[in-house]
Amino acid sequence: MKILAIEDEPKVGKALLQGLRAEGYEVTLAQSGEDGFFLLNSNPFDLVVLDVMLPGRNGIEILKALRRQELKVPVLLLTAKDSVEDRVVGLDAGADDYLVKPFAFPELCARIRALLRRGKPEAVLTLKIDALDMDLITRSVTRDNTPIELTVREFELLEFLLRNKGKVVSREMLARDVWKETSRATPLDNVIDVHIARLRRKIDDDFQPKLVRTVRGVGFMLSEDGR
Amino acid sequence: MPRFRTTLRARLTLLYILLVSIVLVLYAGGASVFFWQKLIGEMDLSLDRDLETIENLITSGTDGKIRVDTGDQSENLLLEIWSESGDLLYRSSELGGQVLGPPIVHGSPRHPPKRSVRLAENETVRVITRSHKFEGHIVMVRLGVSENVLREQFGEMISTLVLGLPVALVIVGLTGYFVAGRALQPLDAMARHAKQINAEHLNERLAIENPDDELGHLGGAFNETLSKLENSFGQLKRFTADASHELRTPLTAIRSVGEVALQNAVEDQGHRDAIGSMLEEVYHLTHLVDSLLILSRAESEYLALQRREVSLRDLATESVTLLEVLAEEKHQSLKVQGDESIVSGDPLILRQALVALIHNAIKYSPAHGSIRVQTGATNENAFVEVHDTGPGIPTEHRTKIFERFYRVDKARNRDVGGAGLGLSIADWAVRAHGGQIELDCDSEPGCTFRIKLPIKSK
């Protein structure tokens, strides 16, 4: 999968390059809108990560020009402004998704995965990690064949972690996708921590190996190797 | 009306009355002295004339004694005649043995020619003394007349003056008060207008009728200060917004670099912890910047409310559902009670305020405490109350807790205290809806925060 990142801030650009390469993507970095536009016209890409605040032609202008040429490549906007108007402008210009700076890197990865998966619906009925099974139809969870009772919120939380197993999920991702909270100012961190602690009690306390990991400063993840 | 003594108008009036009374007293005193001198002078003149007449009536009797033949005009004649050597030669019977003064020796400086002598308790007599050549000798003739009538007249005049003074002062006072009021009235109007200019309407200016008079100078100076203030406020607002924006770029860089490093590159646990700890701080900083941006955008009135009908009860239930796990962890009871009440508002923004208040209540209530969220409506307002069983808020902090970054306990760490912006945002959110947050820490233990909003319908 080929990704073009258009970002003028060198450190952020370098991090995008390294981080996305580590995720297994083939990444090209353009440091200005013009460079990016040129690259897009000369090479095929599967996805574009586009910063809005660029010197010269800004991200929105690049995006509009792109869509005028009927290039259908998915575009993920990175914006420093999170007011409703700014989002609307971005989405109207033809962006497929947006992330507000400073974004969490795991969230960027999750959104890239979602955009690349788009159009290929996956009919998932069960999710699994180690000996933990989740049935999305009956909404039941077992570990080592022992049924585990979860509240609705805990079920949704576990489902989200399972869908991103092996990847870190940030608190912002949980707030946005599990709690459907649109404002970052809502104090949800404690709430999320309490739910993670309860989930851990139910699925990990009586079993081995421990599946729920806390990645300090970044978020949480489900993994089998217990690293 | 402001306290009487403290107003400039009252002080001007009092000063005016004081000045006028000093002038009046000086004038009345001066006039009285002058008038008295004139009365006495006239009396002396008439005494002089009488004395001349009497001198012609002095005769020597057959027994060698001096007689004064006044005929019919003898009544009230107070007359003494002394010899040059100081012997009493004659004393009129009306004197009844009283003396018009000590014996006199001719030319003695101690006996002025004109003076007032006190005869009895209520009798003062004006006495005039003159030497007279009689049958070859020099005798001293001394004639007196009672001053009583004169003193009565003078007394009447003084009392008329004294009685008139208060009346005059009352008139002066009223006039002064009126005039001062008229003169100060534009100042009063300016003060009232100035009071209405606050942080939200700093672009207003005082109307100045005449820029060249004293009031014009004052108004001009005030308007200049307002302009400076408006400038500073604008700068401050822009600074918050600009700073928040500018902070995002480096925050993004730190975060991306740190998270990508943690993704796989770093194996050493110590290094992972160090990076993680930095990322935690970046996360707090990000939230702080977000909250500051919300506030600065709110102040620039850039954020438009997406109004629709909102049920406060539903909002309360929703917020409680979101946060109840936190209460459960502390074994607190968290309940929603009360009636339905509908307001017109932006549900997201109102919920932010309510969540902040409930979050606070859980934070500050002790384990096993209880938190009550009560909704309802009065005739004018819809309200949501959040009642906690925390330690309460000391009186001196109550007005300040809505200020940014204000903490009751300065030493409180961030894990408990949050960024210190939650209540500021809640306060802004409610005020943006035309409501207010009231704080009541006195009627029962703990504190009650009450969000009051204009009512939509019952």
# chains A, B, ... in the order shown; residues from 1 in each chain; ligands from 1
$ interface_residues --of "chain A" --to "chain B" --cutoff "6 Å" --atoms "only C-alpha atoms" --output "list in words"
Lys11, Val12, Ala15, Gly19, Lys101, Pro102, Phe105, Ala185, Arg216 and Gly217 of chain A
$ write_last_selection --atoms "N, CA and C atoms" --output "tab-separated table (two decimals), in the first residue's frame"
chain	number	residue	atom	x	y	z
A	11	LYS	N	9.68	17.63	11.63
A	11	LYS	CA	9.65	16.58	12.64
A	11	LYS	C	8.42	15.72	12.53
A	12	VAL	N	7.27	16.38	12.29
A	12	VAL	CA	6.03	15.61	12.14
A	12	VAL	C	6.14	14.74	10.90
A	15	ALA	N	8.29	11.76	11.56
A	15	ALA	CA	7.58	10.79	12.40
A	15	ALA	C	6.56	10.02	11.56
A	19	GLY	N	6.85	6.11	11.30
A	19	GLY	CA	5.76	5.38	11.94
A	19	GLY	C	4.95	4.58	10.94
A	101	LYS	N	-4.99	18.11	15.00
A	101	LYS	CA	-3.67	18.13	15.63
A	101	LYS	C	-3.81	18.63	17.05
A	102	PRO	N	-3.03	18.19	18.03
A	102	PRO	CA	-2.08	17.10	17.87
A	102	PRO	C	-2.78	15.75	17.95
A	105	PHE	N	-0.91	9.03	17.30
A	105	PHE	CA	-0.44	8.25	16.17
A	105	PHE	C	-1.24	6.96	15.94
A	185	ALA	N	-12.95	18.33	25.05
A	185	ALA	CA	-12.86	18.96	26.37
A	185	ALA	C	-13.63	18.19	27.44
A	216	ARG	N	2.13	3.12	28.38
A	216	ARG	CA	2.19	4.38	29.10
A	216	ARG	C	2.32	5.58	28.15
A	217	GLY	N	1.47	6.56	28.37
A	217	GLY	CA	1.55	7.79	27.58
A	217	GLY	C	0.88	7.69	26.24
$ select_by_dssp --residues "range 16-126 of chain A" --states "strand (DSSP E)" --output "short mmCIF file (atom, residue, chain, number, x, y, z; two decimals) with N, CA and C atoms, in the first residue's frame"
data_model
loop_
_atom_site.label_atom_id
_atom_site.label_comp_id
_atom_site.auth_asym_id
_atom_site.auth_seq_id
_atom_site.Cartn_x
_atom_site.Cartn_y
_atom_site.Cartn_z
N GLU A 26 4.23 1.75 2.29
CA GLU A 26 5.27 2.38 1.50
C GLU A 26 4.97 3.86 1.49
N VAL A 27 5.81 4.67 2.14
CA VAL A 27 5.46 6.07 2.37
C VAL A 27 6.37 7.02 1.61
N THR A 28 5.76 8.03 0.97
CA THR A 28 6.53 9.11 0.36
C THR A 28 6.14 10.40 1.07
N LEU A 29 7.15 11.24 1.37
CA LEU A 29 6.86 12.49 2.08
C LEU A 29 7.06 13.67 1.14
N ALA A 30 6.08 14.56 1.06
CA ALA A 30 6.21 15.79 0.31
C ALA A 30 6.16 16.94 1.30
N LEU A 47 -3.47 6.29 -0.78
CA LEU A 47 -4.04 7.19 0.23
C LEU A 47 -3.15 8.42 0.40
N VAL A 48 -3.76 9.57 0.72
CA VAL A 48 -3.00 10.80 0.96
C VAL A 48 -3.29 11.29 2.38
N VAL A 49 -2.23 11.56 3.13
CA VAL A 49 -2.37 12.25 4.42
C VAL A 49 -1.98 13.69 4.16
N LEU A 50 -2.94 14.63 4.33
CA LEU A 50 -2.74 16.00 3.86
C LEU A 50 -2.89 17.00 5.02
N ASP A 51 -1.84 17.75 5.28
CA ASP A 51 -1.89 18.81 6.30
C ASP A 51 -2.60 20.03 5.70
N VAL A 75 -8.47 10.82 0.95
CA VAL A 75 -7.64 11.85 1.58
C VAL A 75 -8.00 11.99 3.06
N LEU A 76 -6.98 11.91 3.89
CA LEU A 76 -7.17 12.14 5.33
C LEU A 76 -6.54 13.50 5.66
N LEU A 77 -7.37 14.45 6.13
CA LEU A 77 -6.89 15.80 6.43
C LEU A 77 -6.34 15.87 7.84
N LEU A 78 -5.22 16.58 7.99
CA LEU A 78 -4.73 16.90 9.33
C LEU A 78 -4.95 18.39 9.55
N THR A 79 -5.74 18.74 10.54
CA THR A 79 -6.04 20.15 10.74
C THR A 79 -5.75 20.58 12.17
N ASP A 97 -11.80 11.96 5.56
CA ASP A 97 -11.79 11.95 7.01
C ASP A 97 -10.86 13.06 7.46
N TYR A 98 -10.88 13.38 8.75
CA TYR A 98 -9.96 14.41 9.22
C TYR A 98 -9.50 14.03 10.62
N LEU A 99 -8.35 14.55 11.00
CA LEU A 99 -7.83 14.37 12.35
C LEU A 99 -7.38 15.73 12.85
N VAL A 100 -7.66 16.04 14.10
CA VAL A 100 -7.26 17.32 14.65
C VAL A 100 -5.89 17.18 15.32
N THR A 126 -17.57 -13.01 14.45
CA THR A 126 -16.89 -13.33 15.71
C THR A 126 -15.52 -12.68 15.72
#
$ atom_distance --atom1 "CA of Ser116 in chain B" --atom2 "CA of Ile66 in chain B"
25.6 Å
$ closest_residue --among "A:Arg163, A:Lys72, A:Val89, A:Asp193" --to "Ala114 in chain A" --atoms "only C-alpha atoms"
A:Arg163
$ closest_residue --among "B:Pro347, B:Ala221, B:Val430, B:Gly181" --to "Arg11 in chain B" --atoms "only C-alpha atoms"
B:Gly181
$ residues_around --residues "Met173 in chain A" --least-positions-apart "6" --cutoff "9 Å" --atoms "only C-alpha atoms" --output "list in words"
Ala104, Pro106, Glu107 and Ala110 of chain A
